[in-house]
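Undergrad: Enclosed is the structure file run02.txt (compact mmCIF, N, CA, C and O atoms).
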# COMPACT_ATOMS: atom_id res chain seq x y z
N MET A 1 0.84 -1.16 0.00
CA MET A 1 0.00 0.00 0.00
C MET A 1 0.89 1.23 0.00
O MET A 1 1.99 1.22 0.55
N SER A 2 0.40 2.26 -0.61
CA SER A 2 1.14 3.50 -0.69
C SER A 2 0.16 4.63 -0.93
O SER A 2 -0.91 4.44 -1.47
N THR A 3 0.59 5.82 -0.54
CA THR A 3 -0.26 6.98 -0.81
C THR A 3 -0.13 7.38 -2.27
O THR A 3 0.87 7.08 -2.93
N ASP A 4 -1.13 8.07 -2.77
CA ASP A 4 -1.05 8.58 -4.15
C ASP A 4 0.15 9.50 -4.32
O ASP A 4 0.81 9.47 -5.35
N LYS A 5 0.44 10.31 -3.30
CA LYS A 5 1.56 11.23 -3.38
C LYS A 5 2.88 10.47 -3.52
O LYS A 5 3.71 10.80 -4.36
N PHE A 6 3.06 9.42 -2.71
CA PHE A 6 4.31 8.66 -2.79
C PHE A 6 4.42 7.95 -4.14
O PHE A 6 5.50 7.93 -4.74
N ILE A 7 3.31 7.41 -4.63
CA ILE A 7 3.32 6.77 -5.94
C ILE A 7 3.71 7.77 -7.02
O ILE A 7 4.51 7.47 -7.91
N LYS A 8 3.15 8.97 -6.93
CA LYS A 8 3.45 10.00 -7.92
C LYS A 8 4.91 10.46 -7.81
O LYS A 8 5.59 10.61 -8.82
N ASP A 9 5.39 10.66 -6.58
CA ASP A 9 6.73 11.18 -6.38
C ASP A 9 7.82 10.14 -6.59
O ASP A 9 8.93 10.48 -7.00
N LYS A 10 7.53 8.88 -6.30
CA LYS A 10 8.56 7.84 -6.35
C LYS A 10 8.02 6.55 -6.99
O LYS A 10 8.07 5.48 -6.39
N PRO A 11 7.55 6.64 -8.23
CA PRO A 11 6.96 5.46 -8.85
C PRO A 11 7.96 4.31 -9.02
O PRO A 11 7.58 3.14 -8.89
N GLN A 12 9.21 4.62 -9.27
CA GLN A 12 10.19 3.54 -9.43
C GLN A 12 10.43 2.79 -8.12
O GLN A 12 10.59 1.57 -8.12
N ALA A 13 10.43 3.50 -7.01
CA ALA A 13 10.61 2.85 -5.71
C ALA A 13 9.44 1.93 -5.41
O ALA A 13 9.62 0.81 -4.92
N VAL A 14 8.23 2.39 -5.73
CA VAL A 14 7.04 1.56 -5.51
C VAL A 14 7.11 0.33 -6.41
O VAL A 14 6.87 -0.79 -5.95
N GLN A 15 7.45 0.51 -7.67
CA GLN A 15 7.52 -0.62 -8.59
C GLN A 15 8.59 -1.62 -8.17
O GLN A 15 8.37 -2.83 -8.19
N LYS A 16 9.75 -1.14 -7.77
CA LYS A 16 10.82 -2.04 -7.33
C LYS A 16 10.41 -2.82 -6.08
O LYS A 16 10.73 -4.00 -5.94
N THR A 17 9.70 -2.17 -5.19
CA THR A 17 9.22 -2.84 -3.97
C THR A 17 8.24 -3.94 -4.33
O THR A 17 8.33 -5.06 -3.82
N LEU A 18 7.28 -3.63 -5.21
CA LEU A 18 6.31 -4.63 -5.64
C LEU A 18 7.00 -5.80 -6.34
O LEU A 18 6.68 -6.97 -6.09
N ASN A 19 7.96 -5.49 -7.20
CA ASN A 19 8.70 -6.55 -7.90
C ASN A 19 9.42 -7.45 -6.90
O ASN A 19 9.42 -8.67 -7.06
N ALA A 20 10.04 -6.86 -5.88
CA ALA A 20 10.75 -7.64 -4.87
C ALA A 20 9.79 -8.52 -4.07
O ALA A 20 10.06 -9.71 -3.84
N LEU A 21 8.66 -7.95 -3.66
CA LEU A 21 7.69 -8.72 -2.88
C LEU A 21 7.12 -9.88 -3.69
O LEU A 21 7.08 -11.02 -3.21
N TYR A 22 6.66 -9.60 -4.90
CA TYR A 22 6.09 -10.65 -5.71
C TYR A 22 7.15 -11.66 -6.16
O TYR A 22 6.88 -12.85 -6.29
N GLY A 23 8.37 -11.18 -6.38
CA GLY A 23 9.46 -12.10 -6.72
C GLY A 23 9.78 -13.04 -5.57
O GLY A 23 10.03 -14.24 -5.78
N GLY A 24 9.75 -12.52 -4.35
CA GLY A 24 9.98 -13.36 -3.18
C GLY A 24 8.89 -14.41 -3.01
O GLY A 24 9.18 -15.57 -2.72
N VAL A 25 7.66 -14.00 -3.21
CA VAL A 25 6.54 -14.95 -3.12
C VAL A 25 6.69 -16.03 -4.19
O VAL A 25 6.53 -17.22 -3.92
N ALA A 26 7.02 -15.63 -5.40
CA ALA A 26 7.19 -16.59 -6.50
C ALA A 26 8.31 -17.59 -6.18
O ALA A 26 8.18 -18.79 -6.43
N PHE A 27 9.41 -17.10 -5.60
CA PHE A 27 10.51 -17.98 -5.21
C PHE A 27 10.04 -19.00 -4.19
O PHE A 27 10.29 -20.20 -4.32
N LEU A 28 9.37 -18.53 -3.15
CA LEU A 28 8.91 -19.43 -2.09
C LEU A 28 7.89 -20.44 -2.61
O LEU A 28 7.83 -21.57 -2.13
N GLN A 29 7.08 -20.06 -3.59
CA GLN A 29 6.03 -20.94 -4.11
C GLN A 29 6.54 -21.93 -5.15
O GLN A 29 5.86 -22.91 -5.45
N ASN A 30 7.72 -21.72 -5.68
CA ASN A 30 8.26 -22.60 -6.71
C ASN A 30 8.62 -23.95 -6.09
O ASN A 30 9.43 -24.01 -5.17
N PRO A 31 8.02 -25.04 -6.57
CA PRO A 31 8.33 -26.36 -6.00
C PRO A 31 9.82 -26.70 -6.00
O PRO A 31 10.29 -27.43 -5.13
N LYS A 32 10.56 -26.18 -6.96
CA LYS A 32 12.01 -26.44 -7.01
C LYS A 32 12.74 -25.84 -5.82
O LYS A 32 13.84 -26.28 -5.48
N ASN A 33 12.15 -24.84 -5.18
CA ASN A 33 12.78 -24.15 -4.07
C ASN A 33 12.23 -24.56 -2.71
O ASN A 33 12.51 -23.91 -1.71
N ARG A 34 11.45 -25.63 -2.68
CA ARG A 34 10.75 -26.00 -1.45
C ARG A 34 11.69 -26.16 -0.25
O ARG A 34 11.44 -25.60 0.82
N ALA A 35 12.76 -26.91 -0.40
CA ALA A 35 13.67 -27.14 0.73
C ALA A 35 14.27 -25.83 1.22
O ALA A 35 14.34 -25.57 2.43
N GLU A 36 14.68 -24.98 0.29
CA GLU A 36 15.25 -23.68 0.66
C GLU A 36 14.20 -22.78 1.29
O GLU A 36 14.47 -22.04 2.23
N ALA A 37 12.96 -22.84 0.78
CA ALA A 37 11.88 -22.02 1.34
C ALA A 37 11.61 -22.41 2.78
O ALA A 37 11.49 -21.55 3.66
N VAL A 38 11.53 -23.71 3.06
CA VAL A 38 11.30 -24.17 4.43
C VAL A 38 12.45 -23.73 5.32
O VAL A 38 12.23 -23.24 6.44
N LYS A 39 13.66 -23.86 4.83
CA LYS A 39 14.84 -23.45 5.61
C LYS A 39 14.79 -21.96 5.92
O LYS A 39 15.04 -21.54 7.06
N LEU A 40 14.48 -21.15 4.93
CA LEU A 40 14.40 -19.69 5.13
C LEU A 40 13.30 -19.31 6.13
O LEU A 40 13.52 -18.50 7.02
N ILE A 41 12.14 -19.90 5.96
CA ILE A 41 11.03 -19.60 6.87
C ILE A 41 11.39 -19.99 8.30
O ILE A 41 11.17 -19.22 9.24
N ALA A 42 11.97 -21.17 8.46
CA ALA A 42 12.36 -21.63 9.80
C ALA A 42 13.38 -20.68 10.42
O ALA A 42 13.26 -20.31 11.59
N GLU A 43 14.36 -20.28 9.63
CA GLU A 43 15.42 -19.40 10.14
C GLU A 43 14.89 -18.01 10.47
O GLU A 43 15.13 -17.48 11.56
N ILE A 44 14.17 -17.42 9.55
CA ILE A 44 13.68 -16.04 9.73
C ILE A 44 12.66 -15.96 10.86
O ILE A 44 12.69 -15.03 11.67
N ASP A 45 11.75 -16.92 10.91
CA ASP A 45 10.69 -16.89 11.93
C ASP A 45 11.11 -17.57 13.23
O ASP A 45 10.34 -17.60 14.18
N GLU A 46 12.31 -18.16 13.23
CA GLU A 46 12.83 -18.87 14.40
C GLU A 46 11.85 -19.93 14.90
O GLU A 46 11.43 -19.96 16.05
N ILE A 47 11.48 -20.80 13.96
CA ILE A 47 10.54 -21.89 14.24
C ILE A 47 11.14 -23.20 13.73
O ILE A 47 12.01 -23.19 12.85
N PRO A 48 10.68 -24.32 14.25
CA PRO A 48 11.19 -25.62 13.77
C PRO A 48 10.81 -25.84 12.30
O PRO A 48 9.78 -25.34 11.83
N PRO A 49 11.63 -26.61 11.58
CA PRO A 49 11.35 -26.86 10.16
C PRO A 49 9.97 -27.43 9.88
O PRO A 49 9.35 -27.08 8.88
N ASN A 50 9.45 -28.30 10.75
CA ASN A 50 8.13 -28.87 10.48
C ASN A 50 7.03 -27.81 10.57
O ASN A 50 6.06 -27.84 9.82
N ILE A 51 7.19 -26.83 11.44
CA ILE A 51 6.23 -25.73 11.54
C ILE A 51 6.40 -24.81 10.33
O ILE A 51 5.41 -24.31 9.77
N ALA A 52 7.64 -24.59 9.91
CA ALA A 52 7.91 -23.76 8.72
C ALA A 52 7.28 -24.40 7.48
O ALA A 52 6.71 -23.70 6.64
N GLU A 53 7.36 -25.71 7.38
CA GLU A 53 6.75 -26.41 6.25
C GLU A 53 5.23 -26.25 6.27
O GLU A 53 4.60 -26.02 5.23
N ALA A 54 4.64 -26.33 7.44
CA ALA A 54 3.19 -26.12 7.57
C ALA A 54 2.82 -24.68 7.20
O ALA A 54 1.79 -24.45 6.55
N GLU A 55 3.63 -23.72 7.58
CA GLU A 55 3.41 -22.31 7.22
C GLU A 55 3.45 -22.14 5.70
O GLU A 55 2.61 -21.46 5.11
N LEU A 56 4.42 -22.77 5.07
CA LEU A 56 4.53 -22.70 3.61
C LEU A 56 3.28 -23.28 2.96
O LEU A 56 2.66 -22.63 2.11
N ASP A 57 2.89 -24.47 3.39
CA ASP A 57 1.73 -25.14 2.78
C ASP A 57 0.41 -24.45 3.08
O ASP A 57 -0.46 -24.36 2.21
N SER A 58 0.24 -23.98 4.31
CA SER A 58 -1.05 -23.44 4.72
C SER A 58 -1.26 -21.98 4.35
O SER A 58 -2.40 -21.55 4.21
N ASN A 59 -0.18 -21.25 4.20
CA ASN A 59 -0.32 -19.81 3.97
C ASN A 59 0.42 -19.31 2.73
O ASN A 59 -0.19 -18.74 1.84
N ILE A 60 1.70 -19.51 2.68
CA ILE A 60 2.51 -18.90 1.63
C ILE A 60 2.14 -19.42 0.24
O ILE A 60 2.09 -18.65 -0.72
N LEU A 61 1.86 -20.70 0.13
CA LEU A 61 1.49 -21.24 -1.19
C LEU A 61 0.16 -20.69 -1.69
O LEU A 61 -0.13 -20.76 -2.88
N LYS A 62 -0.63 -20.12 -0.79
CA LYS A 62 -1.93 -19.56 -1.17
C LYS A 62 -1.89 -18.07 -1.48
O LYS A 62 -2.89 -17.50 -1.90
N LEU A 63 -0.74 -17.45 -1.26
CA LEU A 63 -0.62 -16.01 -1.54
C LEU A 63 -0.68 -15.73 -3.03
O LEU A 63 -0.21 -16.54 -3.84
N SER A 64 -1.21 -14.60 -3.38
CA SER A 64 -1.25 -14.18 -4.78
C SER A 64 0.15 -13.79 -5.24
O SER A 64 0.91 -13.18 -4.49
N ARG A 65 0.45 -14.12 -6.45
CA ARG A 65 1.70 -13.66 -7.06
C ARG A 65 1.51 -12.28 -7.68
O ARG A 65 2.42 -11.71 -8.23
N GLY A 66 0.29 -11.79 -7.61
CA GLY A 66 0.00 -10.47 -8.17
C GLY A 66 -0.24 -10.53 -9.66
O GLY A 66 0.27 -11.41 -10.35
N ARG A 67 -1.05 -9.60 -10.11
CA ARG A 67 -1.29 -9.47 -11.54
C ARG A 67 -0.79 -8.11 -11.95
O ARG A 67 -1.37 -7.11 -11.58
N ARG A 68 0.28 -8.08 -12.67
CA ARG A 68 0.88 -6.82 -13.07
C ARG A 68 0.60 -6.48 -14.52
O ARG A 68 1.21 -5.62 -15.09
N ASP A 69 -0.38 -7.19 -15.10
CA ASP A 69 -0.78 -6.85 -16.46
C ASP A 69 -1.85 -5.76 -16.41
O ASP A 69 -2.28 -5.34 -15.35
N ALA A 70 -2.26 -5.30 -17.57
CA ALA A 70 -3.21 -4.19 -17.64
C ALA A 70 -4.52 -4.51 -16.92
O ALA A 70 -5.06 -3.68 -16.20
N GLU A 71 -5.04 -5.72 -17.10
CA GLU A 71 -6.30 -6.08 -16.46
C GLU A 71 -6.15 -6.10 -14.94
O GLU A 71 -7.00 -5.60 -14.21
N GLY A 72 -5.07 -6.68 -14.46
CA GLY A 72 -4.84 -6.74 -13.02
C GLY A 72 -4.68 -5.35 -12.41
O GLY A 72 -5.22 -5.06 -11.35
N LEU A 73 -3.97 -4.49 -13.10
CA LEU A 73 -3.79 -3.13 -12.60
C LEU A 73 -5.10 -2.36 -12.62
O LEU A 73 -5.37 -1.58 -11.71
N ALA A 74 -5.92 -2.58 -13.62
CA ALA A 74 -7.19 -1.88 -13.71
C ALA A 74 -8.12 -2.27 -12.56
O ALA A 74 -8.91 -1.46 -12.09
N ARG A 75 -8.01 -3.52 -12.10
CA ARG A 75 -8.87 -4.01 -11.03
C ARG A 75 -8.35 -3.67 -9.64
O ARG A 75 -9.10 -3.70 -8.68
N ALA A 76 -7.06 -3.36 -9.54
CA ALA A 76 -6.45 -3.08 -8.23
C ALA A 76 -6.78 -1.67 -7.78
O ALA A 76 -6.90 -0.76 -8.59
N PRO A 77 -6.91 -1.48 -6.46
CA PRO A 77 -7.09 -0.12 -5.97
C PRO A 77 -5.89 0.74 -6.36
O PRO A 77 -4.76 0.27 -6.38
N ARG A 78 -6.14 1.98 -6.71
CA ARG A 78 -5.08 2.87 -7.20
C ARG A 78 -3.91 2.96 -6.24
O ARG A 78 -2.77 3.09 -6.64
N SER A 79 -4.16 2.88 -4.94
CA SER A 79 -3.08 3.06 -3.97
C SER A 79 -2.17 1.86 -3.87
O SER A 79 -1.21 1.89 -3.11
N THR A 80 -2.37 0.79 -4.65
CA THR A 80 -1.54 -0.40 -4.52
C THR A 80 -0.57 -0.61 -5.67
O THR A 80 0.16 -1.58 -5.68
N TRP A 81 -0.53 0.29 -6.63
CA TRP A 81 0.39 0.07 -7.74
C TRP A 81 1.02 1.37 -8.21
O TRP A 81 0.60 2.44 -7.84
N ALA A 82 2.04 1.19 -9.02
CA ALA A 82 2.80 2.35 -9.48
C ALA A 82 2.61 2.58 -10.97
O ALA A 82 3.55 2.86 -11.68
N GLY A 83 1.40 2.38 -11.47
CA GLY A 83 1.13 2.45 -12.90
C GLY A 83 1.25 3.75 -13.42
O GLY A 83 1.46 4.61 -13.95
Could you write out this structure as structure tokens?

TA:
Amino acid sequence: MSTDKFIKDKPQAVQKTLNALYGGVAFLQNPKNRAEAVKLIAEIDEIPPNIAEAELDSNILKLSRGRRDAEGLARAPRSTWAG
């Protein structure tokens, strides 16, 4: 989320932030990265690996990767993108 003023004044910062967030989600959701994702979640959240795996399956895999195409941007509230 961002204010209209911040989006107007710093659109590249907003876009880079969105790219980083959605890129991180995509990395965690990629089946090829499962072991690393569990390891990262366990380390960052300071939880056992089995709980980190449950967090990945129950929550992170269900997160949106975002729609950054024209249709997705048109449907998103103005304060959430740097279009």

Undergrad: When you draw a straight line from atom CA of A:Glu36 to atom CA of A:Arg65, how long is it in Å?

TA: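 These two atoms are separated by 18.5 Å.
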
Undergrad: As a list in words, please: the residues near A:Ile60 (cut-off 7 Å, only N, CA, C and O atoms, same-chain neighbours under 5 positions excluded).

TA: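 So, after excluding close chain neighbours, the residues are Val25, Leu28, Gln29, Ala54 and Glu55 of chain A.
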
Undergrad: Which of these, A:Phe6, A:Lys62, A:Leu18, A:Asp57, has the shortest distance to A:Ala37 once you count only C-alpha atoms?

TA: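 Going through A:Phe6, A:Lys62, A:Leu18, A:Asp57 one by one, the smallest distance to A:Ala37 is for A:Asp57.
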
Undergrad: Using only C-alpha atoms, which of A:Lys16, A:Arg34, A:Lys5, A:Lys10 sits nearest A:Glu53?

TA: A:Arg34

Undergrad: Expressed in Å to a single decimal, how great is the separation between atom CA of A:Met1 and atom CA of A:Val14?

TA: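 Atom-to-atom, atom CA of A:Met1 and atom CA of A:Val14 are spaced 9.1 Å apart.
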
Undergrad: Report, in Å with one decimal, the straight-line distance from atom O of A:Ser64 to atom CA of A:Pro49.

TA: 22.6 Å

Undergrad: So which one's closest to A:Ile41, A:Tyr22, A:Leu56, A:Thr17, A:Ile7? Using all atoms listed in the file, please.

TA: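 Closest to A:Ile41, using all atoms listed in the file: A:Leu56.
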